[in-house]
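Structure data follow from target25.cif (mmCIF, C-alpha atoms):
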```cif
data_model
loop_
_atom_site.label_atom_id
_atom_site.label_comp_id
_atom_site.auth_asym_id
_atom_site.auth_seq_id
_atom_site.Cartn_x
_atom_site.Cartn_y
_atom_site.Cartn_z
CA MET A 1 0.00 0.00 0.00
CA SER A 2 1.21 3.53 -0.68
CA ILE A 3 2.16 5.93 2.10
CA SER A 4 -1.06 7.92 1.86
CA GLU A 5 -3.03 4.70 2.44
CA TYR A 6 -0.97 3.62 5.44
CA ASN A 7 -3.36 4.85 8.12
CA GLY A 8 -6.65 4.76 6.18
CA SER A 9 -9.30 7.48 6.14
CA ALA A 10 -12.57 8.48 4.50
CA ILE A 11 -13.55 12.13 4.26
CA VAL A 12 -16.38 13.76 2.36
CA ALA A 13 -17.68 17.35 2.24
CA MET A 14 -20.97 18.32 0.68
CA ALA A 15 -22.69 21.63 -0.06
CA GLY A 16 -26.35 22.34 0.51
CA LYS A 17 -28.46 25.48 0.43
CA ASP A 18 -26.76 27.95 2.79
CA CYS A 19 -25.29 25.00 4.68
CA VAL A 20 -22.34 22.66 4.29
CA ALA A 21 -21.48 19.29 5.83
CA LEU A 22 -18.22 17.49 6.55
CA ALA A 23 -18.11 13.79 7.41
CA THR A 24 -15.19 11.52 8.33
CA ASP A 25 -14.66 7.95 9.45
CA THR A 26 -13.12 7.22 12.84
CA ARG A 27 -10.65 4.41 12.15
CA PHE A 28 -6.97 4.87 12.81
CA GLY A 29 -4.90 1.94 11.63
CA ILE A 30 -1.26 1.03 11.18
CA SER A 31 -1.36 -0.85 7.90
CA PHE A 32 -3.94 -3.61 8.41
CA LYS A 33 -3.98 -3.40 12.20
CA THR A 34 -6.78 -1.21 13.59
CA VAL A 35 -5.37 0.79 16.50
CA SER A 36 -8.18 3.22 17.32
CA THR A 37 -11.89 3.22 16.54
CA ASP A 38 -12.76 6.72 17.75
CA PHE A 39 -10.17 8.78 15.96
CA ASP A 40 -10.90 12.47 15.31
CA ARG A 41 -9.88 13.89 11.93
CA VAL A 42 -11.73 17.18 12.02
CA TYR A 43 -10.27 20.49 13.18
CA LYS A 44 -12.28 23.61 13.84
CA MET A 45 -10.31 26.53 12.39
CA GLY A 46 -12.93 29.26 12.68
CA PRO A 47 -16.53 29.75 13.80
CA ARG A 48 -17.77 28.31 10.48
CA ILE A 49 -14.60 26.78 9.08
CA TYR A 50 -14.03 23.06 9.62
CA MET A 51 -11.09 21.16 8.21
CA GLY A 52 -10.87 17.39 7.80
CA MET A 53 -7.52 15.80 6.96
CA ALA A 54 -6.97 12.60 5.01
CA GLY A 55 -3.80 10.59 4.56
CA LEU A 56 -0.82 9.96 6.80
CA VAL A 57 -1.77 10.78 10.38
CA THR A 58 1.62 12.08 11.50
CA ASP A 59 1.48 14.61 8.67
CA MET A 60 -2.11 15.41 9.60
CA TYR A 61 -0.89 16.39 13.07
CA THR A 62 2.01 18.45 11.73
CA VAL A 63 0.09 20.26 9.01
CA SER A 64 -2.83 21.12 11.25
CA ALA A 65 -0.47 22.37 14.00
CA ARG A 66 1.56 24.53 11.59
CA LEU A 67 -1.64 25.87 10.07
CA ARG A 68 -3.01 26.67 13.51
CA PHE A 69 0.22 28.59 14.25
CA ARG A 70 -0.13 30.72 11.12
CA LEU A 71 -3.83 31.23 11.67
CA ASN A 72 -3.35 32.38 15.25
CA LEU A 73 -0.61 34.83 14.29
CA TYR A 74 -2.82 36.23 11.54
CA GLU A 75 -5.70 36.76 13.93
CA LEU A 76 -3.42 38.38 16.51
CA ARG A 77 -1.80 40.73 13.99
CA GLU A 78 -4.96 41.67 12.14
CA ASN A 79 -7.25 41.67 15.15
CA ARG A 80 -10.03 39.98 13.19
CA PRO A 81 -11.15 36.39 12.43
CA VAL A 82 -9.75 34.91 9.24
CA ALA A 83 -11.97 34.86 6.17
CA PRO A 84 -12.44 31.43 4.55
CA ARG A 85 -10.79 32.33 1.24
CA VAL A 86 -7.76 33.76 3.02
CA PHE A 87 -7.50 30.56 5.04
CA PHE A 88 -7.66 28.55 1.80
CA SER A 89 -4.70 30.54 0.45
CA MET A 90 -2.79 29.91 3.67
CA ILE A 91 -3.18 26.18 3.25
CA THR A 92 -2.00 26.33 -0.36
CA ASN A 93 1.13 28.20 0.59
CA LEU A 94 1.96 25.90 3.50
CA LEU A 95 1.64 22.77 1.37
CA TYR A 96 3.48 24.18 -1.66
CA GLU A 97 6.43 25.16 0.54
CA ARG A 98 7.08 21.40 0.61
CA ARG A 99 6.66 20.95 -3.13
CA PHE A 100 9.67 18.64 -3.46
CA GLY A 101 9.28 16.61 -0.30
CA SER A 102 5.58 16.88 0.34
CA TYR A 103 3.35 16.12 3.26
CA PHE A 104 1.34 12.95 2.66
CA SER A 105 -1.82 14.45 4.01
CA ALA A 106 -4.33 16.74 2.36
CA PRO A 107 -7.11 18.81 3.88
CA VAL A 108 -10.76 19.07 2.91
CA VAL A 109 -12.23 22.33 4.22
CA ALA A 110 -15.94 23.01 4.64
CA ALA A 111 -16.87 26.60 5.41
CA LEU A 112 -19.64 29.16 5.19
CA ASP A 113 -18.83 32.51 3.62
CA PRO A 114 -19.39 35.05 6.43
CA VAL A 115 -20.58 37.72 3.99
CA ASN A 116 -23.28 35.88 2.03
CA GLY A 117 -23.72 32.62 3.96
CA LYS A 118 -22.97 30.48 0.91
CA PRO A 119 -21.23 27.13 1.29
CA LEU A 120 -17.53 26.89 0.41
CA ILE A 121 -15.71 23.59 -0.01
CA ALA A 122 -11.94 23.70 -0.55
CA ALA A 123 -10.30 20.64 -2.05
CA TYR A 124 -6.54 20.11 -2.10
CA ASP A 125 -3.92 17.68 -3.25
CA CYS A 126 -0.89 17.08 -1.04
CA ILE A 127 1.10 19.92 -2.66
CA GLY A 128 -1.54 22.59 -2.31
CA ASP A 129 -3.55 22.69 -5.52
CA LEU A 130 -6.67 24.51 -4.37
CA GLU A 131 -10.03 23.98 -6.05
CA VAL A 132 -13.14 25.56 -4.58
CA VAL A 133 -15.95 23.16 -5.28
CA ASN A 134 -19.70 23.72 -5.54
CA ASP A 135 -21.09 20.28 -4.89
CA PHE A 136 -19.03 17.71 -3.00
CA PHE A 137 -15.50 16.44 -2.56
CA ALA A 138 -14.05 13.18 -1.22
CA ASP A 139 -10.59 12.20 -0.03
CA GLY A 140 -8.83 9.31 1.71
CA THR A 141 -8.74 5.60 0.91
CA SER A 142 -12.45 5.34 0.00
CA THR A 143 -12.40 8.06 -2.66
CA GLU A 144 -13.71 5.92 -5.51
CA GLN A 145 -16.55 4.49 -3.46
CA LEU A 146 -17.43 7.92 -2.08
CA LEU A 147 -17.41 9.68 -5.43
CA GLY A 148 -19.62 7.02 -6.94
CA ILE A 149 -22.34 7.24 -4.36
CA CYS A 150 -22.10 11.04 -4.03
CA GLU A 151 -22.65 11.46 -7.77
CA THR A 152 -25.82 9.43 -7.44
CA LEU A 153 -27.29 10.88 -4.26
CA TRP A 154 -26.21 14.53 -4.29
CA LYS A 155 -28.49 17.20 -5.65
CA PRO A 156 -28.22 20.96 -5.40
CA ASN A 157 -29.93 23.17 -2.79
CA MET A 158 -30.63 20.53 -0.16
CA ASP A 159 -31.63 21.83 3.24
CA SER A 160 -29.65 20.83 6.30
CA GLU A 161 -31.87 17.84 7.22
CA GLU A 162 -31.62 16.29 3.78
CA LEU A 163 -27.92 17.14 3.51
CA TYR A 164 -27.26 15.28 6.75
CA GLU A 165 -29.11 12.21 5.52
CA VAL A 166 -27.36 12.19 2.16
CA ILE A 167 -23.83 12.73 3.46
CA SER A 168 -24.29 10.12 6.18
CA GLN A 169 -25.53 7.48 3.74
CA CYS A 170 -22.73 8.30 1.30
CA LEU A 171 -20.02 7.92 3.91
CA LEU A 172 -21.39 4.86 5.68
CA ASN A 173 -21.92 2.89 2.51
CA ALA A 174 -18.66 3.90 0.91
CA GLN A 175 -16.50 3.07 3.92
CA ASP A 176 -18.15 -0.39 4.12
CA SER A 177 -16.41 -1.28 0.88
CA ASP A 178 -13.03 -0.10 2.17
CA ALA A 179 -10.98 -2.25 4.53
CA LEU A 180 -8.90 0.69 5.75
CA ALA A 181 -11.72 3.08 6.68
CA GLY A 182 -14.79 2.76 8.85
CA TRP A 183 -15.49 1.79 12.48
CA GLY A 184 -17.82 4.77 12.91
CA ALA A 185 -18.47 8.22 11.46
CA GLN A 186 -18.51 11.86 12.58
CA VAL A 187 -20.75 14.28 10.71
CA TYR A 188 -20.58 18.08 11.11
CA ILE A 189 -23.47 20.10 9.70
CA ILE A 190 -22.49 23.76 9.45
CA GLU A 191 -25.24 26.36 9.19
CA LYS A 192 -25.36 30.12 9.61
CA ASP A 193 -26.68 30.01 13.18
CA LYS A 194 -25.37 26.67 14.46
CA VAL A 195 -22.99 23.80 13.94
CA THR A 196 -24.23 20.29 14.78
CA LYS A 197 -21.96 17.32 15.31
CA LYS A 198 -23.41 13.84 15.05
CA THR A 199 -21.64 10.56 15.70
CA LEU A 200 -22.91 7.60 13.71
CA LYS A 201 -22.70 3.90 14.45
CA ALA A 202 -21.29 1.93 11.56
CA ARG A 203 -20.28 -1.64 10.74
CA LEU A 204 -17.49 -2.49 13.16
CA ASP A 205 -15.18 -4.24 10.76
CA MET B 1 36.18 40.46 7.80
CA THR B 2 35.07 43.30 10.04
CA GLU B 3 32.96 45.06 7.41
CA ARG B 4 30.00 45.22 9.70
CA TYR B 5 29.62 46.47 13.22
CA SER B 6 27.84 44.08 15.51
CA PHE B 7 26.84 46.89 17.88
CA SER B 8 24.16 49.47 17.27
CA LEU B 9 25.17 53.05 16.52
CA THR B 10 21.93 54.27 18.03
CA THR B 11 22.57 54.27 21.75
CA PHE B 12 20.84 55.83 24.74
CA SER B 13 21.90 59.17 26.15
CA PRO B 14 21.96 59.61 29.96
CA SER B 15 18.59 61.37 29.78
CA GLY B 16 17.00 58.31 28.17
CA LYS B 17 16.82 59.65 24.61
CA LEU B 18 17.98 58.00 21.43
CA VAL B 19 19.83 60.97 20.03
CA GLN B 20 20.17 59.53 16.52
CA ILE B 21 16.40 59.40 16.26
CA GLU B 22 16.12 63.00 17.44
CA TYR B 23 18.58 64.01 14.74
CA ALA B 24 16.65 61.98 12.17
CA LEU B 25 13.49 63.85 13.13
CA ALA B 26 15.43 67.08 12.63
CA ALA B 27 16.30 65.91 9.12
CA VAL B 28 12.61 65.31 8.53
CA ALA B 29 11.64 68.71 9.85
CA ALA B 30 14.07 70.31 7.41
CA GLY B 31 12.53 68.46 4.48
CA ALA B 32 9.95 69.66 1.97
CA PRO B 33 6.46 70.22 3.39
CA THR B 34 3.93 67.42 3.01
CA VAL B 35 0.26 67.38 3.97
CA GLY B 36 -2.24 64.55 4.33
CA ILE B 37 -6.00 64.78 4.93
CA LYS B 38 -8.61 62.08 5.36
CA ALA B 39 -12.00 62.80 3.79
CA LYS B 40 -15.31 61.01 4.14
CA ASN B 41 -14.83 59.13 0.88
CA GLY B 42 -11.10 59.15 0.33
CA VAL B 43 -7.65 60.42 1.37
CA VAL B 44 -5.39 63.06 -0.16
CA VAL B 45 -1.68 63.78 0.24
CA ALA B 46 0.11 66.75 -1.25
CA THR B 47 3.79 67.60 -1.25
CA GLU B 48 6.01 70.40 -2.47
CA LYS B 49 8.34 69.35 -5.24
CA LYS B 50 10.63 72.31 -5.97
CA ALA B 51 13.25 71.81 -8.61
CA LYS B 52 16.59 73.36 -7.69
CA ASN B 53 17.28 74.19 -11.31
CA SER B 54 15.06 74.91 -14.30
CA LEU B 55 16.92 72.24 -16.29
CA TYR B 56 15.49 69.53 -14.03
CA GLU B 57 13.28 66.88 -15.68
CA GLN B 58 10.51 67.12 -13.09
CA ASP B 59 8.36 64.28 -14.33
CA SER B 60 11.01 61.59 -14.27
CA VAL B 61 11.00 61.15 -10.53
CA HIS B 62 7.99 61.14 -8.25
CA LYS B 63 7.67 61.80 -4.56
CA ILE B 64 4.28 60.18 -4.15
CA GLU B 65 4.60 56.48 -4.93
CA LYS B 66 2.12 53.61 -5.30
CA ILE B 67 2.72 50.70 -2.97
CA ALA B 68 -0.31 48.59 -3.94
CA ASP B 69 -3.44 49.31 -5.96
CA HIS B 70 -5.11 50.80 -2.91
CA ILE B 71 -2.11 52.25 -1.02
CA GLY B 72 0.08 55.30 -1.68
CA MET B 73 3.10 56.65 0.20
CA VAL B 74 4.87 60.01 0.43
CA TYR B 75 7.60 61.43 2.68
CA SER B 76 9.35 64.39 4.18
CA GLY B 77 13.11 64.12 4.60
CA MET B 78 15.78 62.30 2.63
CA GLY B 79 14.74 61.09 -0.82
CA PRO B 80 17.18 58.15 -1.08
CA ASP B 81 16.00 56.72 2.24
CA PHE B 82 12.43 56.97 0.95
CA ARG B 83 13.32 54.93 -2.14
CA VAL B 84 14.59 52.06 0.04
CA LEU B 85 11.38 52.04 2.07
CA VAL B 86 9.19 52.15 -1.05
CA LYS B 87 10.94 49.03 -2.35
CA ARG B 88 10.51 47.26 0.99
CA ALA B 89 6.87 48.30 1.34
CA ARG B 90 6.03 47.07 -2.16
CA LYS B 91 7.63 43.72 -1.45
CA ILE B 92 5.76 43.44 1.84
CA ALA B 93 2.46 44.22 0.12
CA MET B 94 3.02 41.69 -2.67
CA GLN B 95 4.22 38.96 -0.33
CA TYR B 96 1.08 39.41 1.76
CA GLU B 97 -1.09 39.08 -1.33
CA SER B 98 0.81 36.01 -2.39
CA SER B 99 0.35 34.31 0.99
CA TYR B 100 -3.22 35.29 1.75
CA GLY B 101 -4.75 35.91 -1.66
CA GLU B 102 -6.06 39.22 -0.37
CA ALA B 103 -4.94 42.85 -0.62
CA ILE B 104 -2.97 43.95 2.44
CA PRO B 105 -4.94 46.13 4.86
CA THR B 106 -3.19 49.52 5.17
CA GLY B 107 -2.80 49.13 8.93
CA GLN B 108 -0.99 45.83 8.42
CA LEU B 109 1.40 47.39 5.91
CA VAL B 110 2.08 50.25 8.31
CA GLN B 111 2.84 47.81 11.15
CA ARG B 112 5.34 45.98 9.00
CA VAL B 113 7.00 49.12 7.59
CA GLY B 114 7.23 50.50 11.12
CA ALA B 115 8.96 47.27 12.17
CA VAL B 116 11.49 47.73 9.35
CA MET B 117 12.21 51.29 10.46
CA GLN B 118 12.61 50.16 14.06
CA GLU B 119 15.14 47.52 12.98
CA TYR B 120 17.46 50.28 11.82
CA THR B 121 17.46 51.82 15.30
CA GLN B 122 18.62 48.63 16.95
CA SER B 123 20.82 46.82 14.42
CA GLY B 124 24.59 46.84 14.01
CA GLY B 125 26.30 49.47 11.93
CA VAL B 126 23.25 51.21 10.47
CA ARG B 127 21.60 54.56 11.07
CA PRO B 128 17.86 55.32 11.32
CA PHE B 129 15.96 56.34 8.19
CA GLY B 130 15.89 60.12 7.67
CA VAL B 131 12.24 60.19 6.57
CA SER B 132 8.79 60.35 8.05
CA LEU B 133 6.30 58.57 5.84
CA LEU B 134 2.67 59.33 5.17
CA ILE B 135 0.89 56.17 4.10
CA MET B 136 -2.64 56.42 2.78
CA GLY B 137 -4.97 53.62 1.79
CA MET B 138 -8.54 52.48 1.32
CA ASP B 139 -9.53 49.34 3.23
CA ASP B 140 -12.94 48.03 2.20
CA GLY B 141 -14.16 51.51 1.39
CA LYS B 142 -12.76 53.04 4.57
CA PRO B 143 -10.07 55.71 4.12
CA THR B 144 -6.99 55.57 6.39
CA LEU B 145 -3.96 57.85 6.81
CA TRP B 146 -0.88 56.89 8.82
CA GLN B 147 2.44 58.49 9.69
CA CYS B 148 5.59 56.37 10.18
CA ASP B 149 8.51 57.98 12.02
CA PRO B 150 12.27 57.18 11.96
CA SER B 151 11.87 55.53 15.37
CA GLY B 152 9.38 53.04 13.97
CA THR B 153 6.35 54.56 15.72
CA PHE B 154 3.23 54.95 13.65
CA PHE B 155 0.20 57.16 14.18
CA PRO B 156 -3.18 57.14 12.48
CA TRP B 157 -4.19 60.67 11.54
CA LYS B 158 -7.31 62.48 10.39
CA ALA B 159 -5.09 65.19 8.99
CA THR B 160 -1.44 66.10 9.48
CA ALA B 161 1.53 68.03 8.13
CA LEU B 162 5.20 66.98 7.92
CA GLY B 163 8.46 68.70 7.05
CA LYS B 164 9.17 72.42 7.07
CA ASN B 165 6.64 74.46 8.96
CA HIS B 166 4.73 71.40 10.08
CA ILE B 167 3.67 72.98 13.36
CA ASN B 168 1.94 75.83 11.55
CA GLY B 169 0.55 73.34 9.09
CA LYS B 170 -1.01 71.26 11.86
CA THR B 171 -2.46 74.36 13.51
CA PHE B 172 -3.99 75.41 10.20
CA LEU B 173 -5.47 71.93 9.74
CA GLU B 174 -6.91 71.87 13.23
CA LYS B 175 -9.00 74.86 12.27
CA ARG B 176 -9.89 73.75 8.77
CA PHE B 177 -10.41 70.03 9.19
CA ASN B 178 -13.95 68.71 8.85
CA ALA B 179 -14.63 65.01 9.18
CA ASP B 180 -17.58 65.13 6.78
CA GLN B 181 -15.93 66.85 3.88
CA GLU B 182 -15.75 65.18 0.50
CA LEU B 183 -12.48 64.32 -1.23
CA ASP B 184 -12.55 67.38 -3.52
CA ASP B 185 -12.89 69.71 -0.54
CA ALA B 186 -10.09 67.88 1.24
CA ILE B 187 -7.83 68.39 -1.80
CA HIS B 188 -8.65 72.09 -1.65
CA VAL B 189 -7.76 72.29 2.05
CA ALA B 190 -4.54 70.35 1.44
CA ILE B 191 -3.48 72.84 -1.22
CA LEU B 192 -4.27 75.77 1.06
CA THR B 193 -2.26 74.21 3.88
CA LEU B 194 0.72 73.71 1.57
CA LYS B 195 0.44 77.30 0.35
CA GLU B 196 1.03 78.49 3.93
CA SER B 197 4.61 77.25 3.81
CA PHE B 198 5.20 77.81 0.10
CA GLU B 199 7.80 80.31 -1.08
CA GLY B 200 6.81 81.72 -4.43
CA ALA B 201 3.85 80.77 -6.59
CA MET B 202 2.34 77.26 -6.47
CA THR B 203 1.88 75.72 -9.89
CA GLU B 204 1.14 72.23 -11.16
CA GLU B 205 4.89 71.87 -11.83
CA ASN B 206 6.11 72.25 -8.28
CA VAL B 207 3.51 70.33 -6.32
CA GLU B 208 2.49 66.66 -6.36
CA ILE B 209 -0.91 65.38 -5.23
CA GLY B 210 -2.02 61.80 -4.69
CA ILE B 211 -5.44 60.50 -3.72
CA CYS B 212 -7.17 57.30 -2.71
CA ASN B 213 -10.57 57.61 -4.29
CA ASP B 214 -13.94 56.08 -3.41
CA LEU B 215 -13.29 53.23 -5.84
CA GLY B 216 -10.54 52.17 -3.46
CA LYS B 217 -7.70 53.00 -5.87
CA PHE B 218 -4.59 55.08 -5.37
CA VAL B 219 -4.12 57.66 -8.13
CA ARG B 220 -1.45 60.32 -8.60
CA LEU B 221 -3.08 63.42 -10.10
CA SER B 222 -1.90 64.55 -13.51
CA HIS B 223 -0.63 68.07 -14.17
CA ASN B 224 -3.95 69.08 -15.69
CA GLU B 225 -5.93 67.73 -12.78
CA ILE B 226 -3.72 69.63 -10.33
CA LYS B 227 -4.14 72.79 -12.40
CA ASP B 228 -7.92 72.44 -12.15
CA HIS B 229 -7.71 72.28 -8.38
CA LEU B 230 -5.37 75.23 -8.01
#
```

As structure tokens, what does this structure read like?
Amino acid sequence: MSISEYNGSAIVAMAGKDCVALATDTRFGISFKTVSTDFDRVYKMGPRIYMGMAGLVTDMYTVSARLRFRLNLYELRENRPVAPRVFFSMITNLLYERRFGSYFSAPVVAALDPVNGKPLIAAYDCIGDLEVVNDFFADGTSTEQLLGICETLWKPNMDSEELYEVISQCLLNAQDSDALAGWGAQVYIIEKDKVTKKTLKARLD
Amino acid sequence: MTERYSFSLTTFSPSGKLVQIEYALAAVAAGAPTVGIKAKNGVVVATEKKAKNSLYEQDSVHKIEKIADHIGMVYSGMGPDFRVLVKRARKIAMQYESSYGEAIPTGQLVQRVGAVMQEYTQSGGVRPFGVSLLIMGMDDGKPTLWQCDPSGTFFPWKATALGKNHINGKTFLEKRFNADQELDDAIHVAILTLKESFEGAMTEENVEIGICNDLGKFVRLSHNEIKDHL
């Protein structure tokens, strides 16, 4: 297995109408051995900015810590919370700094634009190619399974209830076909006035 | 190779002053007069630009320089020192945009330029900059005007004067400043303030005016535009 499949992960972000959702599995493994079944992959980077990280877990820790450092300094210097698009640029720069010796972890960011409340999903590769996506994005070891079911179930302008149902079904069914991801799911539904976190029971294998 | 001193040339006097900075401020106060005024919908800076000789090519060199699309900078004091700071400020502004994908807020630029100026009061073998800067910018439709001193301190101003006769200039502005005035009126007041310390007639050849307009852009006025305001 390649280095970005070493720990296993399944992450999906999906846009609805004025809401966005981010869902991840909770397995942490070392190759085929499952070490943890309640592993957290999501980082809150702002009041409506949530970042999930796929790939090698040690790089997930390092990248998120270095990003947190830069984000905190920004907010201290500028005396204001970071805007989502600025945060997206920060991630790009941090990852591209390691262009020839990259991190083996890539973020998926789900955010709400503070100005107009529209959903923003930022998709990256491990060297910082940023694409802002309108519908959904998947990363990790279950990407093919996730993309397949998302293409089928996603439709535009879903409200938060429907979005939650759709993203949950997409993740749960996709990770069932992946040996390296699963053992549970965490779903964050991000809306203008609240953020809800739900923990789902999944097949424990 | 002892080409560089490792100790600072700016050292404290017994009374607690950094004398080099005092002297730098004296260099600024001997420089050409400069005025800056914040209006409701923009900012204006104006500076005297007297040629020492009629053979001078006035238009080849400018005193009011663009730092970013929305930020302009002018000085009183030593021209060559200003050039160095313009280069640094432009690099700072572009690096910020490259990292954050967003135009640098004027206050952030001022903080960083102030930090550069402070470095030269505490580093080995260098002297402080002999300029005070006026930095003007539009941040999200809000006009801002800042002064940066040789010490590295920065002040946000509603209106101010630098260089020769700056005390009289500031007194004049205290009387004439109005927070609600439009940009065109502010330009008029800036010209009047400059006239107070002007020797001889003011024409579009010997004065430079820069504005940040309500579109958020920095623009240096052309000769014709200045003539219309005079």

Could you list the residues in chain A lying within 7 Å of chain B, using all atoms listed in the file, and format the result as a short mmCIF file (atom, residue, chain, number, x, y, z; two decimals) with C-alpha atoms, in the coordinates of the input?
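What landed in selection-v2.cif:
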```cif
data_model
loop_
_atom_site.label_atom_id
_atom_site.label_comp_id
_atom_site.auth_asym_id
_atom_site.auth_seq_id
_atom_site.Cartn_x
_atom_site.Cartn_y
_atom_site.Cartn_z
CA GLU A 78 -4.96 41.67 12.14
CA VAL A 86 -7.76 33.76 3.02
CA SER A 89 -4.70 30.54 0.45
CA MET A 90 -2.79 29.91 3.67
CA ASN A 93 1.13 28.20 0.59
#
```

**Report entry** One-decimal distance in Å that lies between CA of Leu76 (chain A) and CA of Pro107 (chain A)
**Finding:** 23.6 Å

Report task. Any chance you could resolve the PyMOL selection byres ((chain B and resi 218-222) around 6) against this file and give the residues as JSON, numbers by chain? Result -> {"B": [69, 70, 71, 72, 209, 210, 211, 212, 217, 223, 224, 225]}

Next, dump the selected residues to file, keeping only C-alpha atoms, as a compact mmCIF listing (two decimals), in the coordinates of the input.
```
# COMPACT_ATOMS: atom_id res chain seq x y z
CA ASP B 69 -3.44 49.31 -5.96
CA HIS B 70 -5.11 50.80 -2.91
CA ILE B 71 -2.11 52.25 -1.02
CA GLY B 72 0.08 55.30 -1.68
CA ILE B 209 -0.91 65.38 -5.23
CA GLY B 210 -2.02 61.80 -4.69
CA ILE B 211 -5.44 60.50 -3.72
CA CYS B 212 -7.17 57.30 -2.71
CA LYS B 217 -7.70 53.00 -5.87
CA HIS B 223 -0.63 68.07 -14.17
CA ASN B 224 -3.95 69.08 -15.69
CA GLU B 225 -5.93 67.73 -12.78
```

**Report entry** d(CA of Val74 (chain B), CA of Ala46 (chain B)) in Å
**Finding:**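 Between CA of Val74 (chain B) and CA of Ala46 (chain B) the gap is 8.4 Å.
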
Requested in this report: Using CA of Thr58 (chain A) and CA of Ile91 (chain A) as the two end points, give the distance in Å to one decimal.
Outcome: 17.0 Å

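Listed by chain and then by number, the residues chosen by the PyMOL selection byres ((chain B and resi 214) around 10) in this file are Lys40, Asn41, Gly42, Val43, Met138, Asp140, Gly141, Lys142, Pro143, Leu183, Ile211, Cys212, Asn213, Leu215, Gly216, Lys217 and Phe218 of chain B.
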
Query raised in the report: For Asn206 (chain B), which residue out of B:Asn178, B:Thr47, B:Gln118, B:Asn168 is the nearest one, using only C-alpha atoms?
Result: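 Nearest to Asn206 (chain B): B:Thr47.
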
Report task. Neighbourhood query: residues within 12 Å of (-0.7, 2.7, 13.9), file coordinates, counting only C-alpha atoms; return as a list in words. Result ->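 Within 12 Å of (-0.7, 2.7, 13.9), the protein and nucleic acid residues are Glu5, Tyr6, Asn7, Gly8, Arg27, Phe28, Gly29, Ile30, Ser31, Phe32, Lys33, Thr34, Val35, Ser36, Thr37, Phe39, Leu56, Val57, Thr58 and Leu180 of chain A.
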
Requested in this report: Evaluate the PyMOL selection byres ((chain A and resi 139) around 7) here and jot the selected residues down as a list of chain:residue names.
Outcome: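 Applying the PyMOL selection byres ((chain A and resi 139) around 7) to the structure shown produces A:Ala10, A:Ile11, A:Val12, A:Ala54, A:Phe137, A:Ala138, A:Gly140, A:Thr141, A:Thr143.
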
Report task. Could you give me, as number ranges by chain, the residues within 10 Å of Thr34 (chain B), counting only C-alpha atoms and dropping anything in the same chain fewer than 5 positions from it? Result -> B: 45-49, 74-77, 132-134, 160-166, 169, 190, 193-194, 197, 207-209

Query raised in the report: So which residues fall inside 12 Å of (-24.9, 29.5, 15.1) if we count all atoms listed in the file? Mind giving them as a ChimeraX atom specification?
Result: /A:19,47-48,112,114,117,189-196

**Report entry** Contacts of Thr26 (chain A) at 7 Å (all atoms listed in the file; same-chain gap of 2+ positions) as number ranges by chain
**Finding:** A: 24, 28, 37-40, 182-185

Query raised in the report: Which one of A:Asn134, A:Asn157, A:Asn79, A:Thr199 sits closest to Ala110 (chain A) if you count all atoms listed in the file?
Result: A:Asn134

Report task. Can you work out which one of B:Gly125, B:Gly16, B:Gly36, B:Gly130 has the shortest atom-to-atom distance to Val84 (chain B), counting only C-alpha atoms? Result -> B:Gly130

Requested in this report: Using only C-alpha atoms, determine which residues lie at most 10 Å from region 60-68 of chain A, disregarding the query and same-chain residues fewer than 2 positions distant; provide the list as a PyMOL selection string.
Outcome: chain A and resi 41-45+51-58+70-74+87+90-91+94-95+103-107
